file query-v4.txt (compact mmCIF, C-alpha atoms)
# COMPACT_ATOMS: atom_id res chain seq x y z
CA MET A 1 10.89 33.16 8.13
CA SER A 2 9.61 32.98 4.55
CA LEU A 3 11.42 31.21 1.75
CA PRO A 4 12.70 33.29 -1.20
CA PRO A 5 10.51 33.33 -4.31
CA LEU A 6 10.65 30.18 -6.41
CA GLN A 7 12.18 31.86 -9.48
CA ALA A 8 14.96 33.35 -7.35
CA ARG A 9 15.77 29.95 -5.94
CA ARG A 10 15.85 28.39 -9.38
CA ARG A 11 18.19 31.07 -10.64
CA ASN A 12 20.53 30.24 -7.79
CA VAL A 13 20.85 26.72 -9.18
CA ARG A 14 21.01 27.62 -12.89
CA PRO A 15 24.85 27.87 -13.07
CA VAL A 16 25.09 24.08 -12.85
CA VAL A 17 23.26 23.71 -16.18
CA ASP A 18 25.79 22.76 -18.86
CA GLY A 19 24.47 24.56 -21.94
CA LEU A 20 21.37 24.43 -24.07
CA GLU A 21 21.96 20.87 -25.20
CA SER A 22 20.89 19.60 -21.77
CA ARG A 23 17.52 21.37 -22.11
CA GLU A 24 17.08 19.80 -25.54
CA LEU A 25 17.69 16.37 -24.04
CA LEU A 26 15.19 17.06 -21.30
CA SER A 27 12.59 18.14 -23.85
CA ALA A 28 12.63 14.57 -25.17
CA ALA A 29 11.55 13.20 -21.78
CA PRO A 30 7.76 13.12 -22.47
CA ALA A 31 8.19 10.88 -25.52
CA VAL A 32 10.49 8.53 -23.65
CA ALA A 33 8.34 8.55 -20.52
CA ALA A 34 5.33 7.44 -22.52
CA GLN A 35 7.23 4.25 -23.38
CA VAL A 36 8.27 3.43 -19.82
CA SER A 37 6.39 0.43 -18.51
CA MET A 38 5.63 -0.32 -14.90
CA ILE A 39 7.52 -2.94 -12.93
CA SER A 40 5.83 -6.03 -14.33
CA GLY A 41 5.30 -4.88 -17.90
CA GLN A 42 1.68 -5.89 -17.46
CA GLU A 43 -1.08 -5.21 -15.00
CA MET A 44 -2.01 -7.57 -12.21
CA SER A 45 -5.65 -8.07 -11.32
CA GLN A 46 -5.33 -9.03 -7.67
CA SER A 47 -4.38 -7.10 -4.55
CA ILE A 48 -0.71 -7.14 -3.56
CA VAL A 49 -1.15 -6.90 0.22
CA GLY A 50 -3.94 -9.46 0.01
CA GLN A 51 -1.32 -12.05 -0.89
CA LEU A 52 1.01 -11.28 2.04
CA SER A 53 1.36 -13.52 5.08
CA LEU A 54 3.74 -14.05 7.98
CA PRO A 55 6.43 -15.15 8.26
CA PRO A 56 7.96 -13.37 5.27
CA THR A 57 9.37 -15.40 2.39
CA LYS A 58 12.87 -14.31 3.50
CA THR A 59 14.23 -12.16 6.32
CA PHE A 60 17.71 -10.65 6.60
CA SER A 61 19.37 -8.57 9.30
CA THR A 62 20.21 -5.01 8.27
CA VAL A 63 22.73 -4.44 11.10
CA PRO A 64 26.30 -4.01 9.79
CA ALA A 65 29.53 -4.61 11.70
CA ASN A 66 29.52 -1.10 13.20
CA GLY A 67 26.12 -1.80 14.78
CA ASP A 68 24.05 0.82 12.94
CA GLN A 69 20.32 0.38 13.51
CA ASN A 70 16.87 1.64 12.50
CA PRO A 71 16.72 0.80 8.77
CA TYR A 72 14.86 3.48 6.84
CA GLY A 73 15.35 3.36 3.07
CA VAL A 74 15.28 0.27 0.88
CA ALA A 75 16.01 0.08 -2.84
CA PHE A 76 15.99 -2.78 -5.34
CA VAL A 77 18.75 -3.01 -7.96
CA PRO A 78 16.78 -3.48 -11.22
CA SER A 79 17.32 -6.20 -13.81
CA ASP A 80 18.61 -3.67 -16.36
CA PHE A 81 21.20 -2.23 -13.98
CA HIS A 82 24.58 -1.75 -15.68
CA SER A 83 26.63 -3.83 -13.26
CA GLU A 84 29.68 -3.73 -15.54
CA THR A 85 30.11 0.04 -15.16
CA LYS A 86 33.56 0.71 -13.65
CA GLY A 87 33.67 -2.83 -12.29
CA GLY A 88 31.14 -2.13 -9.53
CA VAL A 89 30.04 -4.64 -6.92
CA LEU A 90 26.29 -4.16 -7.26
CA GLN A 91 24.36 -6.73 -9.27
CA PRO A 92 20.76 -6.90 -10.50
CA GLY A 93 18.53 -8.34 -7.79
CA ASP A 94 20.52 -6.89 -4.89
CA PHE A 95 18.78 -4.92 -2.16
CA LEU A 96 20.22 -1.83 -0.49
CA VAL A 97 19.16 -0.62 2.97
CA SER A 98 20.12 2.69 4.60
CA ASN A 99 20.47 3.03 8.39
CA PHE A 100 19.28 6.13 10.28
CA ASN A 101 20.67 5.33 13.78
CA ASN A 102 24.10 4.53 15.20
CA ASN A 103 24.65 1.78 17.79
CA VAL A 104 24.43 3.78 21.05
CA PRO A 105 22.35 1.62 23.48
CA PRO A 106 19.57 0.77 23.62
CA THR A 107 18.34 1.62 20.12
CA GLY A 108 20.95 4.03 18.78
CA THR A 109 20.81 7.79 18.31
CA GLN A 110 18.52 8.88 15.51
CA GLY A 111 20.03 10.90 12.70
CA THR A 112 23.54 9.49 13.19
CA GLY A 113 23.59 6.26 11.13
CA THR A 114 26.14 6.14 8.30
CA THR A 115 25.83 2.81 6.48
CA ILE A 116 24.14 1.34 3.43
CA VAL A 117 23.97 -2.45 3.64
CA ARG A 118 23.94 -4.58 0.50
CA ILE A 119 21.98 -7.84 0.60
CA THR A 120 22.24 -10.27 -2.33
CA PRO A 121 19.37 -12.55 -3.40
CA GLN A 122 21.32 -15.40 -1.76
CA GLY A 123 21.40 -13.52 1.54
CA GLN A 124 25.03 -12.43 1.59
CA ARG A 125 25.40 -9.15 3.48
CA SER A 126 28.08 -6.48 3.22
CA VAL A 127 28.53 -2.76 3.77
CA PHE A 128 28.15 -1.07 0.39
CA PHE A 129 28.82 2.47 1.64
CA THR A 130 29.89 4.27 4.82
CA SER A 131 28.93 7.93 4.71
CA LYS A 132 30.75 10.93 6.15
CA GLU A 133 27.31 12.56 6.27
CA PRO A 134 25.26 11.01 9.12
CA GLY A 135 21.58 10.20 9.39
CA LEU A 136 20.95 8.28 6.17
CA SER A 137 17.26 8.66 5.44
CA THR A 138 14.57 6.91 3.40
CA ALA A 139 15.87 8.81 0.36
CA LEU A 140 17.55 5.88 -1.37
CA GLY A 141 17.35 4.95 -5.05
CA VAL A 142 19.24 3.28 -7.90
CA LEU A 143 19.89 4.57 -11.43
CA LYS A 144 20.05 1.78 -14.01
CA ASP A 145 23.17 3.36 -15.57
CA GLY A 146 25.23 2.37 -12.54
CA PHE A 147 24.67 4.92 -9.77
CA VAL A 148 23.06 5.01 -6.31
CA ILE A 149 21.52 8.10 -4.70
CA VAL A 150 21.14 8.49 -0.92
CA GLY A 151 19.96 11.35 1.27
CA ASN A 152 20.70 12.25 4.88
CA VAL A 153 19.02 14.22 7.65
CA PRO A 154 21.58 14.59 10.48
CA THR A 155 21.12 15.30 14.17
CA THR A 156 23.69 15.64 16.96
CA ASP A 157 21.58 14.11 19.71
CA GLY A 158 18.62 12.43 17.99
CA THR A 159 16.17 15.30 18.55
CA PHE A 160 14.26 17.65 16.27
CA SER A 161 15.99 20.71 17.70
CA THR A 162 19.42 19.61 16.40
CA ILE A 163 18.47 18.58 12.86
CA GLY A 164 21.07 19.99 10.48
CA GLN A 165 21.35 20.64 6.77
CA GLY A 166 21.08 17.44 4.76
CA SER A 167 22.38 16.45 1.33
CA LEU A 168 22.08 13.99 -1.52
CA GLN A 169 25.12 11.86 -2.32
CA ILE A 170 25.49 10.15 -5.69
CA LEU A 171 27.60 6.97 -5.56
CA ASP A 172 29.02 4.76 -8.26
CA SER A 173 28.33 1.02 -8.28
CA SER A 174 31.28 0.41 -5.95
CA GLY A 175 30.02 2.83 -3.29
CA LYS A 176 32.35 5.71 -4.14
CA VAL A 177 30.96 9.26 -3.92
CA VAL A 178 30.98 10.94 -7.34
CA LYS A 179 28.87 14.00 -6.45
CA THR A 180 27.29 15.61 -3.39
CA LEU A 181 24.30 17.92 -3.82
CA THR A 182 23.35 20.53 -1.22
CA ASP A 183 20.99 23.49 -1.29
CA PRO A 184 19.53 25.26 1.78
CA ASN A 185 16.19 25.78 0.04
CA LEU A 186 15.73 23.03 -2.54
CA LEU A 187 17.33 20.19 -0.52
CA ASP A 188 16.47 21.17 3.04
CA GLY A 189 16.36 17.75 4.69
CA PRO A 190 16.03 15.07 1.93
CA TRP A 191 13.69 12.57 3.57
CA ASP A 192 12.71 10.28 0.69
CA LEU A 193 12.95 10.07 -3.09
CA THR A 194 11.75 8.30 -6.20
CA ILE A 195 13.26 8.21 -9.68
CA ASN A 196 11.90 8.55 -13.21
CA ASP A 197 14.78 6.77 -14.92
CA LEU A 198 14.99 7.44 -18.67
CA GLY A 199 18.61 6.32 -19.09
CA PRO A 200 20.68 9.34 -20.18
CA ILE A 201 18.12 11.59 -18.48
CA ALA A 202 16.91 10.81 -14.98
CA GLN A 203 14.51 12.80 -12.84
CA VAL A 204 14.84 12.49 -9.07
CA PHE A 205 11.88 13.63 -6.99
CA VAL A 206 12.91 14.44 -3.41
CA SER A 207 10.66 15.12 -0.41
CA ASN A 208 12.18 17.63 2.00
CA LEU A 209 11.75 18.49 5.64
CA SER A 210 12.47 21.93 7.05
CA THR A 211 13.09 23.02 10.62
CA VAL A 212 12.88 26.72 9.71
CA GLN A 213 10.04 28.25 11.71
CA GLY A 214 6.97 28.72 9.53
CA ALA A 215 8.35 26.69 6.61
CA THR A 216 6.57 23.64 5.25
CA GLY A 217 7.65 20.40 3.67
CA THR A 218 8.41 20.48 -0.05
CA VAL A 219 9.13 18.33 -3.10
CA THR A 220 12.02 19.14 -5.44
CA ARG A 221 12.56 17.65 -8.88
CA ILE A 222 16.20 17.26 -9.93
CA ASP A 223 16.84 16.70 -13.65
CA LEU A 224 20.06 14.78 -14.22
CA LEU A 225 22.25 13.98 -17.21
CA VAL A 226 23.76 10.55 -16.59
CA LEU A 227 27.16 9.82 -18.15
CA PRO A 228 28.19 6.29 -17.11
CA SER A 229 31.19 6.12 -19.47
CA LEU A 230 32.68 9.14 -17.67
CA ASP A 231 31.49 7.98 -14.25
CA LYS A 232 29.68 11.32 -13.92
CA VAL A 233 26.22 12.68 -13.23
CA LYS A 234 25.45 16.32 -14.06
CA VAL A 235 22.63 18.40 -12.65
CA LEU A 236 20.61 20.10 -15.38
CA ASP A 237 18.08 21.80 -13.16
CA MET A 238 16.38 21.81 -9.77
CA THR A 239 12.76 22.91 -9.38
CA GLN A 240 10.46 23.00 -6.37
CA ILE A 241 7.21 21.47 -7.64
CA ALA A 242 5.22 21.09 -4.40
CA SER A 243 5.00 22.60 -0.92
CA GLY A 244 2.71 23.14 2.05
CA TYR A 245 3.07 19.77 3.78
CA THR A 246 3.01 19.69 7.57
CA VAL A 247 6.39 19.40 9.31
CA GLN A 248 6.48 18.93 13.06
CA ALA A 249 8.60 17.48 15.83
CA ASN A 250 7.83 13.97 17.03
CA GLN A 251 9.47 12.29 20.01
CA ALA A 252 9.38 8.77 18.58
CA ALA A 253 10.15 9.60 14.94
CA VAL A 254 12.16 12.86 15.46
CA VAL A 255 10.17 14.61 12.73
CA LEU A 256 7.01 14.18 10.69
CA GLY A 257 6.86 15.56 7.17
CA PRO A 258 6.41 14.56 3.52
CA THR A 259 8.00 11.15 3.05
CA GLY A 260 7.16 8.50 0.45
CA LEU A 261 6.98 9.37 -3.24
CA ALA A 262 5.74 7.30 -6.18
CA PHE A 263 5.78 8.40 -9.82
CA ASP A 264 3.44 7.15 -12.56
CA PRO A 265 5.05 7.90 -15.96
CA SER A 266 1.90 6.92 -17.85
CA THR A 267 0.02 9.90 -16.36
CA ASP A 268 2.95 12.12 -15.33
CA THR A 269 1.64 12.09 -11.76
CA LEU A 270 3.72 12.15 -8.58
CA TYR A 271 2.09 10.78 -5.43
CA VAL A 272 3.20 12.12 -2.04
CA ALA A 273 2.72 10.45 1.36
CA SER A 274 2.54 13.32 3.84
CA THR A 275 3.03 11.81 7.28
CA GLY A 276 2.08 14.87 9.32
CA ASP A 277 -1.07 15.45 7.27
CA ASN A 278 -1.96 11.73 7.41
CA ALA A 279 -2.80 11.90 3.73
CA ILE A 280 -1.73 11.03 0.18
CA TYR A 281 -1.61 13.77 -2.46
CA ALA A 282 -1.18 13.74 -6.26
CA ILE A 283 0.98 16.27 -8.15
CA PRO A 284 0.03 16.53 -11.87
CA ASN A 285 2.54 17.23 -14.66
CA ALA A 286 5.35 16.40 -12.24
CA ALA A 287 7.99 15.61 -14.87
CA LEU A 288 7.44 18.76 -16.91
CA THR A 289 6.28 21.54 -14.63
CA PHE A 290 8.53 24.41 -13.58
CA SER A 291 6.11 25.82 -11.02
CA ASP A 292 5.10 24.99 -7.45
CA GLY A 293 1.70 23.31 -7.33
CA GLY A 294 1.27 23.42 -3.56
CA LYS A 295 0.20 20.16 -1.91
CA GLY A 296 -1.52 18.89 -5.04
CA LYS A 297 -4.82 17.02 -5.06
CA LEU A 298 -5.84 15.07 -1.96
CA ILE A 299 -6.60 11.50 -3.03
CA PHE A 300 -6.61 9.38 0.14
CA ASN A 301 -6.87 10.12 3.86
CA ASP A 302 -9.33 7.66 5.36
CA ALA A 303 -9.05 5.99 8.78
CA HIS A 304 -6.75 3.24 7.50
CA LEU A 305 -3.86 5.73 7.40
CA ARG A 306 -1.73 6.05 10.55
CA GLY A 307 1.10 8.32 9.49
CA PRO A 308 1.97 7.11 5.96
CA LEU A 309 5.71 6.82 5.27
CA GLY A 310 7.04 4.73 2.38
CA LEU A 311 5.06 4.70 -0.88
CA VAL A 312 5.23 2.58 -4.05
CA LEU A 313 3.19 2.18 -7.24
CA ALA A 314 2.30 -1.47 -7.80
CA PRO A 315 2.02 -3.23 -11.20
CA ASN A 316 -1.74 -3.51 -10.79
CA GLY A 317 -2.00 0.28 -10.69
CA ASP A 318 -2.61 0.51 -6.94
CA LEU A 319 -0.52 2.44 -4.44
CA ILE A 320 0.92 0.87 -1.28
CA THR A 321 2.04 2.89 1.74
CA SER A 322 3.61 1.88 5.04
CA ASN A 323 2.00 3.16 8.24
CA GLY A 324 4.45 4.44 10.86
CA ASP A 325 1.79 4.80 13.60
CA ALA A 326 2.89 8.32 14.58
CA VAL A 327 -0.57 9.69 13.65
CA ASN A 328 -3.98 8.13 14.33
CA ALA A 329 -2.32 5.15 16.03
CA ASP A 330 -4.28 1.99 16.82
CA MET A 331 -2.54 -0.69 18.90
CA THR A 332 -4.77 -3.35 17.34
CA GLN A 333 -3.57 -2.47 13.82
CA PRO A 334 0.17 -1.79 14.08
CA SER A 335 2.80 -1.36 11.36
CA GLU A 336 0.52 -1.92 8.42
CA LEU A 337 0.99 -1.77 4.69
CA VAL A 338 -2.10 -0.18 3.15
CA GLU A 339 -3.12 -0.64 -0.49
CA PHE A 340 -5.48 1.78 -2.24
CA THR A 341 -6.32 2.95 -5.74
CA PRO A 342 -5.18 6.29 -7.21
CA GLY A 343 -8.85 7.20 -7.13
CA GLY A 344 -8.84 6.93 -3.34
CA ASN A 345 -10.54 3.56 -2.80
CA PHE A 346 -9.22 1.35 0.01
CA VAL A 347 -8.12 -2.11 -1.22
CA GLY A 348 -6.51 -3.90 1.74
CA GLN A 349 -4.05 -3.80 4.61
CA PHE A 350 -1.47 -6.08 6.21
CA SER A 351 0.54 -5.80 9.44
CA ILE A 352 4.23 -6.69 9.07
CA ASP A 353 4.98 -6.61 12.83
CA PRO A 354 2.90 -6.66 16.06
CA THR A 355 4.91 -3.69 17.37
CA GLU A 356 3.83 -0.16 16.50
CA GLY A 357 6.24 1.96 14.46
CA SER A 358 7.99 -0.95 12.74
CA ALA A 359 7.13 -0.17 9.11
CA PHE A 360 9.08 2.44 7.18
CA GLY A 361 10.73 2.09 3.73
CA ILE A 362 9.21 -0.25 1.13
CA ALA A 363 10.21 -1.26 -2.42
CA LEU A 364 9.02 -3.48 -5.25
CA GLY A 365 11.17 -5.52 -7.61
CA ARG A 366 11.09 -8.66 -9.72
CA SER A 367 12.81 -12.00 -9.27
CA GLY A 368 12.08 -14.34 -12.16
CA ASP A 369 8.33 -14.66 -12.57
CA HIS A 370 7.59 -13.28 -9.14
CA LEU A 371 7.12 -9.83 -7.73
CA ILE A 372 9.01 -9.14 -4.51
CA LEU A 373 7.79 -6.63 -1.94
CA ALA A 374 10.58 -5.52 0.41
CA ALA A 375 9.78 -3.85 3.73
CA VAL A 376 12.21 -2.75 6.42
CA ASP A 377 11.23 -3.60 10.00
CA ASP A 378 12.56 -0.93 12.37
CA SER A 379 11.74 -2.97 15.48
CA THR A 380 13.74 -6.04 14.51
CA ASN A 381 16.33 -4.30 12.28
CA ASN A 382 15.44 -6.68 9.48
CA LEU A 383 14.61 -6.57 5.80
CA ASP A 384 11.50 -8.66 5.12
CA LEU A 385 10.91 -9.98 1.60
CA PHE A 386 7.45 -11.11 0.49
CA GLN A 387 7.00 -13.04 -2.74
CA VAL A 388 3.71 -12.47 -4.55
CA ASN A 389 2.30 -13.48 -7.92
CA GLY A 390 2.70 -11.17 -10.85

call {"tool": "encode", "arguments": {"input": "query-v4.txt", "output": "structure tokens"}}
result
Amino acid sequence: MSLPPLQARRRNVRPVVDGLESRELLSAAPAVAAQVSMISGQEMSQSIVGQLSLPPTKTFSTVPANGDQNPYGVAFVPSDFHSETKGGVLQPGDFLVSNFNNNVPPTGTQGTGTTIVRITPQGQRSVFFTSKEPGLSTALGVLKDGFVIVGNVPTTDGTFSTIGQGSLQILDSSGKVVKTLTDPNLLDGPWDLTINDLGPIAQVFVSNLSTVQGATGTVTRIDLLVLPSLDKVKVLDMTQIASGYTVQANQAAVVLGPTGLAFDPSTDTLYVASTGDNAIYAIPNAALTFSDGGKGKLIFNDAHLRGPLGLVLAPNGDLITSNGDAVNADMTQPSELVEFTPGGNFVGQFSIDPTEGSAFGIALGRSGDHLILAAVDDSTNNLDLFQVNG
């Protein structure tokens, strides 16, 4: 079954655009994006993964009171987060973790988890959000103007054959749903996301799975107008900017498809970790294009990749991906974080767990003078924090 033409799909979403003024705001994005610095505000000269060692600096359980398991997404609440908006509970420095499984023994049913767990820098844990939409995925991010975005890919029995239509939910800083986004073409299984946060304008890049026979994985850009004083977020536009990524069933992981995304505002490049293709691709002009560029340019697919999942852009300019071991597995090199340059040169690797399939979502944030790398461990149901120089 073929998807409808791109322009037809975009027209289906156009009614949500609230007048020409939103397009004028979006047209200012390039100038603002050019001023956006990376996480540290300065480059680092040394490898990130080269500084990692076990045990982690800190480790916290991600299992809430309802027993949800299999942490997938992790997001860091940034230092410029507007914690005062509507009296929300989130504070700068907090971590959020989304759970993909419920608590059915022995390891839960995949695609049925409903909780986002909040973990403070002091280690206090609480449930930030309980979703009516099950199967919270790696698609988890924070807008600095006081909102959280989470995706879901539901199943009824934990198998590929029962994957249903997913969604994106936008939450306020107290965990209340303010908007739910669905679209059978442009949000067909939101699996991961990254955000180009420009304040009043935010661009959310979403990687999507599809179980439609013959369809491939895609990336959709959602342009948002953020109105914190009204506790609202408005969709200006949705555009499919990439497609062609392998999507296939997998017994251990349910499904393989495009997962981790990382955006570099200095070059307007979106990087895509395509698990099923065992490769990393680069999409040019990602913030501005209104056309589908296919897979983009292949930049990295050497033997160090074993089913790349999470993806982040580090302050030193390198990319770091988490290996899920569903492709090209090697028992002697399990659950690794792999660092490489945007030019495709391998930098280093580090195993976070001796068990295969433990690494999934990863995030970077700052605490004082230190950079913190956060990695969920699916085998132990923990969030591991690694402190590195930067």

call {"tool": "closest_residue", "arguments": {"input": "query-v4.txt", "among": "A:Val212, A:Val254, A:Ile241, A:Val226", "to": "Asn285 of chain A", "atoms": "all atoms listed in the file"}}
result
A:Ile241

call {"tool": "closest_residue", "arguments": {"input": "query-v4.txt", "among": "A:Gln240, A:Ser83, A:Gln110, A:Thr355", "to": "Phe147 of chain A", "atoms": "all atoms listed in the file"}}
result
A:Ser83

call {"tool": "residues_near_point", "arguments": {"input": "query-v4.txt", "point": "(-5.0, 11.7, -1.8)", "cutoff": "6 Å", "atoms": "all atoms listed in the file", "output": "list in words"}}
result
Ala279, Ile280, Tyr281, Leu298, Ile299 and Phe300 of chain A

call {"tool": "closest_residue", "arguments": {"input": "query-v4.txt", "among": "A:Asn102, A:Gln91, A:Thr62, A:Asn301", "to": "Asn345 of chain A", "atoms": "all atoms listed in the file"}}
result
A:Asn301

call {"tool": "residues_around", "arguments": {"input": "query-v4.txt", "residues": "Ile283 of chain A", "least_positions_apart": "3", "cutoff": "10 Å", "atoms": "only C-alpha atoms", "output": "mmCIF file with C-alpha atoms, in the coordinates of the input"}}
result
data_model
loop_
_atom_site.group_PDB
_atom_site.id
_atom_site.type_symbol
_atom_site.label_atom_id
_atom_site.label_comp_id
_atom_site.auth_asym_id
_atom_site.auth_seq_id
_atom_site.Cartn_x
_atom_site.Cartn_y
_atom_site.Cartn_z
ATOM 1 C CA VAL A 219 9.130 18.330 -3.100
ATOM 2 C CA ILE A 241 7.210 21.470 -7.640
ATOM 3 C CA ALA A 242 5.220 21.090 -4.400
ATOM 4 C CA PHE A 263 5.780 8.400 -9.820
ATOM 5 C CA ASP A 268 2.950 12.120 -15.330
ATOM 6 C CA THR A 269 1.640 12.090 -11.760
ATOM 7 C CA LEU A 270 3.720 12.150 -8.580
ATOM 8 C CA TYR A 271 2.090 10.780 -5.430
ATOM 9 C CA VAL A 272 3.200 12.120 -2.040
ATOM 10 C CA ALA A 286 5.350 16.400 -12.240
ATOM 11 C CA ALA A 287 7.990 15.610 -14.870
ATOM 12 C CA THR A 289 6.280 21.540 -14.630
ATOM 13 C CA ASP A 292 5.100 24.990 -7.450
ATOM 14 C CA GLY A 293 1.700 23.310 -7.330
ATOM 15 C CA GLY A 294 1.270 23.420 -3.560
ATOM 16 C CA LYS A 295 0.200 20.160 -1.910
ATOM 17 C CA GLY A 296 -1.520 18.890 -5.040
ATOM 18 C CA LYS A 297 -4.820 17.020 -5.060
ATOM 19 C CA LEU A 298 -5.840 15.070 -1.960
#

call {"tool": "atom_distance", "arguments": {"input": "query-v4.txt", "atom1": "atom CA of Asp277 of chain A", "atom2": "atom CA of Arg306 of chain A"}}
result
10.0 Å

call {"tool": "residues_around", "arguments": {"input": "query-v4.txt", "residues": "Gln165 of chain A", "least_positions_apart": "3", "cutoff": "12 Å", "atoms": "only C-alpha atoms", "output": "ChimeraX atom specification"}}
result
/A:111,133-135,151-156,162,168,181-191,208-212
